[in-house]
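What follows is the content of data.json, which has JSON, C-alpha atoms and all ligand atoms:
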[["chain", "number", "residue", "atom", "x", "y", "z"],
["A", 277, "MET", "CA", -22.43, -3.36, 20.41],
["A", 278, "LYS", "CA", -18.83, -4.26, 21.19],
["A", 279, "HIS", "CA", -16.03, -1.90, 20.19],
["A", 280, "LEU", "CA", -12.30, -1.90, 20.82],
["A", 281, "ILE", "CA", -11.34, 1.68, 21.59],
["A", 282, "THR", "CA", -8.87, 1.25, 24.45],
["A", 283, "THR", "CA", -7.38, -1.71, 26.30],
["A", 284, "ALA", "CA", -9.60, -0.73, 29.24],
["A", 285, "ASP", "CA", -12.58, -1.98, 27.19],
["A", 286, "LEU", "CA", -11.38, -5.53, 27.89],
["A", 287, "THR", "CA", -11.36, -7.44, 31.15],
["A", 288, "LYS", "CA", -8.36, -9.58, 32.08],
["A", 289, "LYS", "CA", -10.45, -12.65, 31.35],
["A", 290, "GLU", "CA", -11.32, -11.38, 27.88],
["A", 291, "ILE", "CA", -7.66, -10.64, 27.18],
["A", 292, "LEU", "CA", -6.59, -14.13, 28.20],
["A", 293, "LYS", "CA", -9.27, -15.53, 25.88],
["A", 294, "LEU", "CA", -7.88, -13.35, 23.07],
["A", 295, "PHE", "CA", -4.43, -14.83, 23.76],
["A", 296, "GLU", "CA", -5.89, -18.37, 23.61],
["A", 297, "ASP", "CA", -7.45, -17.57, 20.24],
["A", 298, "ALA", "CA", -4.30, -15.84, 19.00],
["A", 299, "GLU", "CA", -2.38, -18.98, 19.81],
["A", 300, "LEU", "CA", -4.74, -20.96, 17.58],
["A", 301, "PHE", "CA", -4.13, -18.41, 14.82],
["A", 302, "ASP", "CA", -0.37, -18.38, 15.45],
["A", 303, "ASP", "CA", 0.57, -19.94, 12.11],
["A", 304, "LEU", "CA", -1.53, -17.22, 10.38],
["A", 305, "LYS", "CA", -3.19, -19.84, 8.18],
["A", 306, "SER", "CA", -6.28, -19.03, 6.16],
["A", 307, "SER", "CA", -9.77, -20.03, 7.29],
["A", 308, "ASN", "CA", -13.36, -19.08, 6.53],
["A", 309, "LEU", "CA", -14.31, -17.81, 9.98],
["A", 310, "LEU", "CA", -15.20, -14.34, 8.65],
["A", 311, "GLU", "CA", -16.51, -15.47, 5.27],
["A", 312, "GLY", "CA", -19.20, -13.07, 4.02],
["A", 313, "LYS", "CA", -18.03, -10.28, 6.33],
["A", 314, "LEU", "CA", -16.84, -6.94, 5.03],
["A", 315, "ILE", "CA", -14.48, -4.66, 6.90],
["A", 316, "VAL", "CA", -13.67, -1.03, 6.12],
["A", 317, "THR", "CA", -10.34, 0.51, 7.07],
["A", 318, "LEU", "CA", -9.92, 4.27, 7.34],
["A", 319, "PHE", "CA", -6.38, 5.45, 8.02],
["A", 320, "PHE", "CA", -6.03, 9.21, 8.37],
["A", 321, "GLU", "CA", -2.44, 8.82, 9.66],
["A", 322, "ASN", "CA", 0.50, 6.99, 8.12],
["A", 323, "SER", "CA", 0.79, 3.30, 8.75],
["A", 324, "THR", "CA", 2.74, 0.32, 7.44],
["A", 325, "ARG", "CA", 2.35, -2.42, 10.02],
["A", 326, "THR", "CA", -1.00, -1.75, 11.61],
["A", 327, "ARG", "CA", -2.96, -1.26, 8.39],
["A", 328, "SER", "CA", -1.47, -4.27, 6.59],
["A", 329, "SER", "CA", -1.67, -6.35, 9.76],
["A", 330, "PHE", "CA", -5.42, -5.68, 10.12],
["A", 331, "GLU", "CA", -5.98, -6.30, 6.42],
["A", 332, "ILE", "CA", -4.03, -9.55, 6.44],
["A", 333, "ALA", "CA", -5.76, -10.67, 9.64],
["A", 334, "ALA", "CA", -9.18, -9.99, 8.07],
["A", 335, "LYS", "CA", -8.31, -11.67, 4.77],
["A", 336, "ARG", "CA", -6.74, -14.71, 6.44],
["A", 337, "LEU", "CA", -10.09, -15.19, 8.15],
["A", 338, "GLY", "CA", -11.94, -14.93, 4.84],
["A", 339, "ALA", "CA", -13.35, -11.40, 5.20],
["A", 340, "GLN", "CA", -13.35, -8.81, 2.45],
["A", 341, "VAL", "CA", -11.62, -5.51, 3.11],
["A", 342, "VAL", "CA", -12.28, -2.07, 1.68],
["A", 343, "ASN", "CA", -9.49, 0.42, 2.34],
["A", 344, "LEU", "CA", -10.86, 3.93, 2.01],
["A", 345, "GLU", "CA", -8.23, 6.15, 0.44],
["A", 346, "VAL", "CA", -8.59, 9.14, 2.76],
["A", 347, "ASN", "CA", -6.51, 11.45, 0.60],
["A", 348, "THR", "CA", -9.04, 11.12, -2.20],
["A", 349, "SER", "CA", -12.12, 10.85, 0.03],
["A", 350, "SER", "CA", -14.73, 13.54, 0.71],
["A", 351, "THR", "CA", -13.07, 14.62, 3.97],
["A", 352, "LYS", "CA", -10.84, 16.48, 1.52],
["A", 353, "LYS", "CA", -14.01, 18.26, 0.27],
["A", 354, "GLY", "CA", -14.86, 19.44, 3.76],
["A", 355, "GLU", "CA", -16.97, 16.52, 5.01],
["A", 356, "THR", "CA", -16.53, 15.84, 8.73],
["A", 357, "VAL", "CA", -15.04, 12.52, 9.82],
["A", 358, "GLU", "CA", -18.31, 11.84, 11.66],
["A", 359, "ASP", "CA", -20.29, 12.21, 8.41],
["A", 360, "THR", "CA", -17.77, 10.10, 6.49],
["A", 361, "VAL", "CA", -18.09, 7.33, 9.08],
["A", 362, "ALA", "CA", -21.91, 7.58, 9.24],
["A", 363, "ASN", "CA", -22.03, 7.26, 5.43],
["A", 364, "LEU", "CA", -19.72, 4.27, 5.41],
["A", 365, "ASP", "CA", -21.80, 2.71, 8.18],
["A", 366, "ALA", "CA", -24.92, 3.21, 6.03],
["A", 367, "MET", "CA", -23.36, 0.76, 3.54],
["A", 368, "LYS", "CA", -23.59, -1.91, 6.27],
["A", 369, "PRO", "CA", -20.00, -3.05, 6.78],
["A", 370, "ASP", "CA", -19.37, -5.54, 9.59],
["A", 371, "ALA", "CA", -16.62, -3.43, 11.20],
["A", 372, "ILE", "CA", -14.78, -0.15, 10.77],
["A", 373, "ILE", "CA", -11.10, 0.14, 11.65],
["A", 374, "ILE", "CA", -9.92, 3.71, 12.09],
["A", 375, "ARG", "CA", -6.66, 5.57, 12.75],
["A", 376, "HIS", "CA", -6.77, 9.32, 13.27],
["A", 377, "SER", "CA", -4.61, 12.01, 14.83],
["A", 378, "ASP", "CA", -7.44, 13.30, 17.07],
["A", 379, "CYS", "CA", -7.37, 11.85, 20.58],
["A", 380, "GLY", "CA", -10.77, 10.46, 21.50],
["A", 381, "LEU", "CA", -12.20, 10.46, 17.98],
["A", 382, "PRO", "CA", -12.90, 6.68, 17.76],
["A", 383, "GLU", "CA", -14.79, 6.86, 21.08],
["A", 384, "SER", "CA", -16.93, 9.73, 19.82],
["A", 385, "LEU", "CA", -17.74, 7.85, 16.61],
["A", 386, "LYS", "CA", -19.52, 5.04, 18.48],
["A", 387, "SER", "CA", -22.84, 6.88, 18.28],
["A", 388, "TYR", "CA", -22.59, 7.17, 14.47],
["A", 389, "VAL", "CA", -22.33, 3.46, 13.70],
["A", 390, "SER", "CA", -24.18, 0.19, 14.01],
["A", 391, "CYS", "CA", -21.07, -1.97, 13.63],
["A", 392, "PRO", "CA", -17.99, -2.43, 15.82],
["A", 393, "ILE", "CA", -15.24, 0.21, 15.67],
["A", 394, "LEU", "CA", -11.65, -0.89, 16.17],
["A", 395, "ASN", "CA", -9.23, 1.86, 17.13],
["A", 396, "ALA", "CA", -5.98, 1.52, 15.19],
["A", 397, "GLY", "CA", -4.48, 4.51, 17.01],
["A", 398, "ASP", "CA", -5.89, 7.92, 17.97],
["A", 399, "GLY", "CA", -3.22, 10.58, 18.32],
["A", 400, "LYS", "CA", -1.19, 10.04, 21.45],
["A", 401, "ASN", "CA", -4.19, 8.57, 23.25],
["A", 402, "ALA", "CA", -4.42, 4.83, 22.61],
["A", 403, "HIS", "CA", -3.35, 1.96, 20.38],
["A", 404, "PRO", "CA", -5.08, -1.02, 21.94],
["A", 405, "THR", "CA", -4.11, -3.76, 19.46],
["A", 406, "GLN", "CA", -0.44, -2.73, 19.69],
["A", 407, "ALA", "CA", -0.46, -3.05, 23.48],
["A", 408, "LEU", "CA", -2.27, -6.39, 23.20],
["A", 409, "LEU", "CA", 0.31, -7.76, 20.76],
["A", 410, "ASP", "CA", 3.10, -6.43, 22.97],
["A", 411, "LEU", "CA", 1.71, -8.14, 26.05],
["A", 412, "TYR", "CA", 1.04, -11.30, 24.01],
["A", 413, "THR", "CA", 4.69, -11.33, 22.87],
["A", 414, "ILE", "CA", 5.88, -10.97, 26.47],
["A", 415, "TYR", "CA", 3.35, -13.54, 27.65],
["A", 416, "LYS", "CA", 4.54, -16.11, 25.14],
["A", 417, "HIS", "CA", 8.20, -15.48, 25.90],
["A", 418, "TYR", "CA", 7.69, -16.14, 29.61],
["A", 419, "ASN", "CA", 5.10, -18.93, 29.13],
["A", 420, "GLY", "CA", 2.49, -16.81, 30.87],
["A", 421, "LYS", "CA", 4.67, -16.09, 33.94],
["A", 422, "VAL", "CA", 4.79, -12.31, 33.50],
["A", 423, "LYS", "CA", 3.90, -11.21, 37.04],
["A", 424, "GLY", "CA", 6.72, -9.20, 38.62],
["A", 425, "LYS", "CA", 8.63, -8.64, 35.39],
["A", 426, "ASN", "CA", 10.16, -5.18, 35.08],
["A", 427, "ILE", "CA", 9.89, -3.36, 31.78],
["A", 428, "ALA", "CA", 11.75, -0.20, 30.79],
["A", 429, "ILE", "CA", 9.70, 1.85, 28.34],
["A", 430, "VAL", "CA", 12.25, 4.06, 26.63],
["A", 431, "GLY", "CA", 11.59, 7.12, 24.50],
["A", 432, "ASP", "CA", 8.94, 9.73, 23.81],
["A", 433, "ILE", "CA", 6.57, 8.64, 26.57],
["A", 434, "ALA", "CA", 4.66, 11.94, 26.48],
["A", 435, "ASN", "CA", 3.58, 11.58, 22.86],
["A", 436, "SER", "CA", 3.32, 7.84, 22.42],
["A", 437, "ARG", "CA", -0.02, 6.05, 22.25],
["A", 438, "VAL", "CA", 1.92, 2.78, 22.44],
["A", 439, "ALA", "CA", 3.27, 3.87, 25.83],
["A", 440, "SER", "CA", -0.12, 5.00, 27.10],
["A", 441, "SER", "CA", -1.91, 1.79, 26.09],
["A", 442, "ASN", "CA", 0.86, -0.37, 27.52],
["A", 443, "LEU", "CA", 0.78, 1.62, 30.76],
["A", 444, "GLU", "CA", -2.91, 0.81, 31.07],
["A", 445, "LEU", "CA", -2.52, -2.85, 30.17],
["A", 446, "LEU", "CA", 0.79, -4.21, 31.50],
["A", 447, "PRO", "CA", 0.35, -3.36, 35.20],
["A", 448, "ARG", "CA", -2.97, -5.25, 35.18],
["A", 449, "PHE", "CA", -0.94, -8.38, 34.47],
["A", 450, "GLY", "CA", 1.60, -7.62, 37.22],
["A", 451, "LEU", "CA", 4.33, -6.05, 35.08],
["A", 452, "ASN", "CA", 6.20, -3.07, 36.54],
["A", 453, "PRO", "CA", 6.95, -0.28, 34.08],
["A", 454, "ILE", "CA", 9.91, 2.04, 34.50],
["A", 455, "LEU", "CA", 9.70, 5.07, 32.22],
["A", 456, "VAL", "CA", 12.99, 6.17, 30.70],
["A", 457, "SER", "CA", 13.13, 9.40, 28.72],
["A", 458, "PRO", "CA", 14.68, 12.83, 28.44],
["A", 459, "LYS", "CA", 12.98, 15.38, 30.70],
["A", 460, "LYS", "CA", 11.06, 16.92, 27.82],
["A", 461, "PHE", "CA", 9.28, 13.62, 27.10],
["A", 462, "LYS", "CA", 8.32, 12.93, 30.71],
["A", 463, "VAL", "CA", 4.75, 12.73, 31.92],
["A", 464, "LYS", "CA", 3.19, 13.08, 35.35],
["A", 465, "THR", "CA", 2.91, 9.47, 36.41],
["A", 466, "LYS", "CA", 2.49, 7.05, 39.28],
["A", 467, "PHE", "CA", 5.17, 4.84, 37.72],
["A", 468, "LYS", "CA", 8.91, 5.03, 38.39],
["A", 469, "SER", "CA", 10.67, 7.24, 35.91],
["A", 470, "THR", "CA", 14.23, 8.26, 35.16],
["A", 471, "THR", "CA", 16.31, 10.01, 32.54],
["A", 472, "ASN", "CA", 19.16, 7.54, 33.02],
["A", 473, "LEU", "CA", 18.86, 4.42, 30.88],
["A", 474, "LYS", "CA", 22.13, 2.82, 32.02],
["A", 475, "LYS", "CA", 21.00, 2.95, 35.65],
["A", 476, "VAL", "CA", 17.98, 0.73, 35.07],
["A", 477, "LEU", "CA", 19.47, -1.85, 32.72],
["A", 478, "ASN", "CA", 20.33, -4.42, 35.36],
["A", 479, "LYS", "CA", 16.90, -4.02, 36.99],
["A", 480, "VAL", "CA", 14.76, -4.82, 33.95],
["A", 481, "ASP", "CA", 13.71, -7.97, 32.10],
["A", 482, "ILE", "CA", 12.29, -6.21, 29.06],
["A", 483, "ILE", "CA", 13.12, -3.03, 27.14],
["A", 484, "MET", "CA", 10.43, -1.46, 25.00],
["A", 485, "SER", "CA", 12.04, 1.16, 22.79],
["A", 486, "LEU", "CA", 9.79, 3.81, 21.22],
["A", 487, "ARG", "CA", 10.29, 6.19, 18.33],
["A", 488, "VAL", "CA", 10.43, 9.92, 19.00],
["A", 489, "GLN", "CA", 7.07, 11.18, 17.71],
["A", 490, "HIS", "CA", 8.35, 14.24, 15.84],
["A", 491, "GLU", "CA", 5.03, 14.62, 14.02],
["A", 492, "ARG", "CA", 3.30, 15.32, 17.35],
["A", 493, "HIS", "CA", 5.71, 17.95, 18.57],
["A", 494, "ASP", "CA", 4.23, 21.42, 18.44],
["A", 495, "ARG", "CA", 7.08, 23.48, 17.14],
["A", 496, "ALA", "CA", 8.46, 22.94, 13.69],
["A", 497, "ILE", "CA", 12.20, 22.60, 13.88],
["A", 498, "LEU", "CA", 14.94, 23.31, 11.37],
["A", 499, "PRO", "CA", 16.21, 20.13, 9.69],
["A", 500, "GLU", "CA", 19.82, 20.79, 10.83],
["A", 501, "LYS", "CA", 18.70, 21.29, 14.42],
["A", 502, "LEU", "CA", 16.63, 18.13, 14.23],
["A", 503, "GLU", "CA", 19.69, 16.15, 13.18],
["A", 504, "VAL", "CA", 21.61, 17.47, 16.20],
["A", 505, "GLN", "CA", 18.71, 16.56, 18.49],
["A", 506, "LYS", "CA", 18.56, 13.05, 17.05],
["A", 507, "LYS", "CA", 22.28, 12.58, 17.67],
["A", 508, "GLU", "CA", 21.99, 13.81, 21.25],
["A", 509, "TYR", "CA", 19.01, 11.55, 21.84],
["A", 510, "SER", "CA", 20.70, 8.47, 20.38],
["A", 511, "LYS", "CA", 23.79, 8.94, 22.57],
["A", 512, "LYS", "CA", 21.67, 8.46, 25.67],
["A", 513, "TYR", "CA", 18.78, 6.29, 24.57],
["A", 514, "CYS", "CA", 19.75, 4.17, 21.57],
["A", 515, "ILE", "CA", 19.62, 0.48, 22.52],
["A", 516, "THR", "CA", 22.89, -1.06, 21.36],
["A", 517, "LYS", "CA", 24.54, -4.44, 21.67],
["A", 518, "LYS", "CA", 27.36, -2.81, 23.60],
["A", 519, "LEU", "CA", 24.91, -1.35, 26.09],
["A", 520, "LEU", "CA", 23.31, -4.75, 26.66],
["A", 521, "LYS", "CA", 26.53, -6.77, 26.79],
["A", 522, "ASN", "CA", 25.77, -8.05, 30.32],
["A", 523, "GLN", "CA", 22.02, -8.51, 29.82],
["A", 524, "LYS", "CA", 21.97, -11.99, 28.30],
["A", 525, "ASP", "CA", 18.32, -12.72, 29.10],
["A", 526, "ILE", "CA", 16.80, -9.34, 28.42],
["A", 527, "ILE", "CA", 14.30, -9.03, 25.58],
["A", 528, "LEU", "CA", 14.03, -6.00, 23.33],
["A", 529, "MET", "CA", 10.79, -4.80, 21.80],
["A", 530, "HIS", "CA", 9.83, -1.95, 19.48],
["A", 531, "PRO", "CA", 6.44, -1.34, 17.82],
["A", 532, "GLY", "CA", 8.04, 0.00, 14.63],
["A", 533, "PRO", "CA", 8.81, 1.97, 12.62],
["A", 534, "VAL", "CA", 12.33, 1.83, 14.04],
["A", 535, "ASN", "CA", 14.60, 4.80, 13.46],
["A", 536, "ARG", "CA", 17.76, 2.74, 13.07],
["A", 537, "ASN", "CA", 20.72, 3.80, 15.18],
["A", 538, "ILE", "CA", 18.56, 6.37, 16.95],
["A", 539, "ASP", "CA", 16.11, 4.09, 18.76],
["A", 540, "VAL", "CA", 17.95, 0.78, 18.28],
["A", 541, "SER", "CA", 21.33, 0.01, 16.69],
["A", 542, "ASP", "CA", 21.64, -2.13, 13.57],
["A", 543, "ASP", "CA", 23.41, -4.90, 15.47],
["A", 544, "MET", "CA", 20.77, -5.00, 18.21],
["A", 545, "ILE", "CA", 17.93, -5.22, 15.67],
["A", 546, "GLU", "CA", 19.55, -8.40, 14.33],
["A", 547, "ASP", "CA", 20.32, -9.76, 17.83],
["A", 548, "LYS", "CA", 18.44, -12.83, 19.02],
["A", 549, "ARG", "CA", 17.19, -10.89, 22.04],
["A", 550, "SER", "CA", 15.22, -8.67, 19.67],
["A", 551, "LYS", "CA", 11.50, -9.50, 19.41],
["A", 552, "ILE", "CA", 10.75, -6.83, 16.83],
["A", 553, "LEU", "CA", 9.71, -9.09, 13.95],
["A", 554, "GLU", "CA", 8.06, -11.58, 16.29],
["A", 555, "GLN", "CA", 5.87, -8.67, 17.47],
["A", 556, "VAL", "CA", 4.82, -8.10, 13.86],
["A", 557, "THR", "CA", 3.84, -11.75, 13.39],
["A", 558, "ASN", "CA", 2.04, -11.80, 16.75],
["A", 559, "GLY", "CA", 0.24, -8.63, 15.70],
["A", 560, "VAL", "CA", -1.58, -10.46, 12.91],
["A", 561, "ALA", "CA", -2.61, -13.30, 15.24],
["A", 562, "ILE", "CA", -3.84, -10.84, 17.89],
["A", 563, "ARG", "CA", -5.82, -8.86, 15.33],
["A", 564, "MET", "CA", -7.36, -12.10, 14.01],
["A", 565, "ALA", "CA", -8.41, -12.83, 17.59],
["A", 566, "CYS", "CA", -9.82, -9.30, 18.04],
["A", 567, "LEU", "CA", -11.83, -9.53, 14.80],
["A", 568, "LYS", "CA", -13.18, -12.93, 15.87],
["A", 569, "LYS", "CA", -14.21, -11.49, 19.23],
["A", 570, "LEU", "CA", -16.00, -8.46, 17.79],
["A", 571, "LEU", "CA", -17.53, -10.04, 14.68],
["A", 572, "VAL", "CA", -18.25, -13.64, 15.61],
["A", 573, "ASP", "CA", -18.25, -14.47, 19.35],
["A", 601, "LIG", "C1", 3.25, 3.06, 16.27],
["A", 601, "LIG", "C2", 2.09, 3.99, 16.06],
["A", 601, "LIG", "O1", 1.66, 4.27, 14.95],
["A", 601, "LIG", "O2", 1.58, 4.42, 17.08],
["A", 601, "LIG", "N1", 3.47, 2.18, 15.24],
["A", 601, "LIG", "C3", 2.65, 1.08, 15.06],
["A", 601, "LIG", "O3", 1.46, 1.15, 15.06],
["A", 601, "LIG", "N2", 3.27, -0.10, 14.92],
["A", 601, "LIG", "C4", 4.46, 3.71, 16.79],
["A", 601, "LIG", "C5", 5.09, 4.84, 16.04],
["A", 601, "LIG", "O4", 4.58, 5.36, 15.07],
["A", 601, "LIG", "O5", 6.17, 5.23, 16.49]]

Turn the structure described in the file into structure tokens.
Amino acid sequence: MKHLITTADLTKKEILKLFEDAELFDDLKSSNLLEGKLIVTLFFENSTRTRSSFEIAAKRLGAQVVNLEVNTSSTKKGETVEDTVANLDAMKPDAIIIRHSDCGLPESLKSYVSCPILNAGDGKNAHPTQALLDLYTIYKHYNGKVKGKNIAIVGDIANSRVASSNLELLPRFGLNPILVSPKKFKVKTKFKSTTNLKKVLNKVDIIMSLRVQHERHDRAILPEKLEVQKKEYSKKYCITKKLLKNQKDIILMHPGPVNRNIDVSDDMIEDKRSKILEQVTNGVAIRMACLKKLLVD
């Protein structure tokens, strides 16, 4: 049984094949590749892009999708997630897509199912399809010549599953990450890291901005204090047009949701160096390729 729990589940060769397939799906046209297949999505955490992207990918390929409404499901009556998943699996879906706040949960669910599990994000642990679509976006921009490119990953590195999956994936393709964050969001790492964004700007080809993951921070904080913190953060880490005035060829990425003028300024979101909406489009193509790999190939 094949699952997609982390990017480490895939070899480089498999990833390049996914990119080849994604390229064929690039126009996001409908086909009947997954006709007769049924996919269940189970999102225990908020999602706009990832959930709709998976659903659109599945439907574009002709599959049917059942979105379990977790707020009205039996987990609210005390059923464990494991039992919920085992029960859904007993209805013989062809795949289960899950997002949950517990790190490692999708991995532990493997033994409860007889269909592939696709991890749509588990806490701060992993978000494999996001990292794949990020690398795919970079790969397309540089026509496959990504080796040696430097990427600044800016933001809440410590709590971001997007950062952790990209840090597993990008170096395998020869990209060099530089982690940029306030001290409190730093992690122990083998990669270069700094608190000073300005200092690295002329050394990098790509900036990946990340949202501060307030929902994963332990201590609740007063709303007024939070506003002050956001202001302080944006002064040092918001990606603005002014900041990038000399970086004509740089590309800017962000997985969304963007906190405007905290992560990225309004004018930089609209700038042609921004790949933010292209990432969203590429996300559907990548997820179509992932579903093909796990359900058909
Ligand atoms: C991210 C996530 O949920 O991990 N968003 C996404 O999937 N596109 C990033 C975030 O929430 O900041």

Hey, which of A:Lys335, A:Lys459, A:His417, A:Arg327 ends up closest to ligand LIG 601 (chain A)? Count only C-alpha atoms and all ligand atoms.
-> A:Arg327

Exercise: Pro382 (chain A) partners within 7 Å, only C-alpha atoms, chain neighbours under 4 positions left out, as a list in words | Ile281, Lys386 and Asn395 of chain A

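Listed by chain and then residue number, the contacts of ligand LIG 601 (chain A) are A:Asn322, A:Ser323, A:Thr324, A:Arg325, A:Thr326, A:Ala396, A:Gly397, A:Gly399, A:Lys400, A:His403, A:Gln406, A:Ser436, A:Arg437, A:Val438, A:Leu486, A:Arg487, A:Val488, A:Gln489, A:Pro531, A:Gly532, A:Pro533, A:Val534 (distance at most 8 Å, using only C-alpha atoms and all ligand atoms).
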
Identify which of the residues A:Leu477, A:Val560, A:Leu567, A:Leu280 lies closest to Glu383 (chain A), counting all atoms listed in the file when measuring atom-to-atom distances.
-> A:Leu280

Which residue, A:Ser441, A:Thr516, A:Ser377, A:Thr360, has the smallest gap to Leu411 (chain A) when you use only C-alpha atoms?
-> A:Ser441

Excluding same-chain residues fewer than 3 positions from Gly420 (chain A), what lies within 12 Å of it counting all atoms listed in the file, as a ChimeraX atom specification?
-> /A:292,295-296,411-417,423-425,449-451

Between A:Val316, A:Val422, A:Leu498, A:Leu364, which one has atoms that come closest to Leu446 (chain A), using only C-alpha atoms?
-> A:Val422

Enter the distance from CA of Glu554 (chain A) to CA of Asp303 (chain A), in Å, rounded to one decimal.
->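 Distance between the two atoms: 12.0 Å.
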
Minimum-distance residue to Ser307 (chain A), chosen among A:His530, A:Arg336, A:Arg375, A:Lys289 (using all atoms listed in the file) =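 Closest candidate: A:Arg336.
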
Write out as a PyMOL selection string which residues come within 12 Å of Lys305 (chain A) when counting all atoms listed in the file, dropping same-chain ones fewer than 4 positions away.
-> chain A and resi 298-301+309+332-338+557+560-561+564

Any idea what's packed within 8 Å of Asn472 (chain A), counting only C-alpha atoms, ignoring anything in its chain fewer than 3 positions away? Could you give it as a PyMOL selection string?
-> chain A and resi 456-457+475-476+512

Length of the CA of Val463 (chain A) to CA of Ala407 (chain A) vector [Å] =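 CA of Ala407 (chain A) lies 18.6 Å from CA of Val463 (chain A).
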
Calculate how many Å separate CA of Glu491 (chain A) from CA of Leu318 (chain A), rounding to one decimal.
->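 Interatomic distance, CA of Glu491 (chain A) to CA of Leu318 (chain A): 19.4 Å.
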
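Closest approach to Val342 (chain A) from the set A:Glu500, A:Asp525, A:Asp573, A:Asp370 is made by A:Asp370, with distances taken over only C-alpha atoms.
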
Let me have the centre and edge lengths of the axis-aligned box enclosing all listed atoms of region 480-492 of chain A with 4 Å padding on every side, in Å to one decimal, as AutoDock Vina command-line options.
--center_x 9.0 --center_y 3.7 --center_z 24.0 --size_x 19.5 --size_y 31.3 --size_z 27.9

Once you count all atoms listed in the file, which residues end up no further than 12 Å from (2.2, 5.4, 29.8) in the file's frame, shown as a PyMOL selection string?
-> chain A and resi 400-403+407+427-447+452-457+461-469+484+486
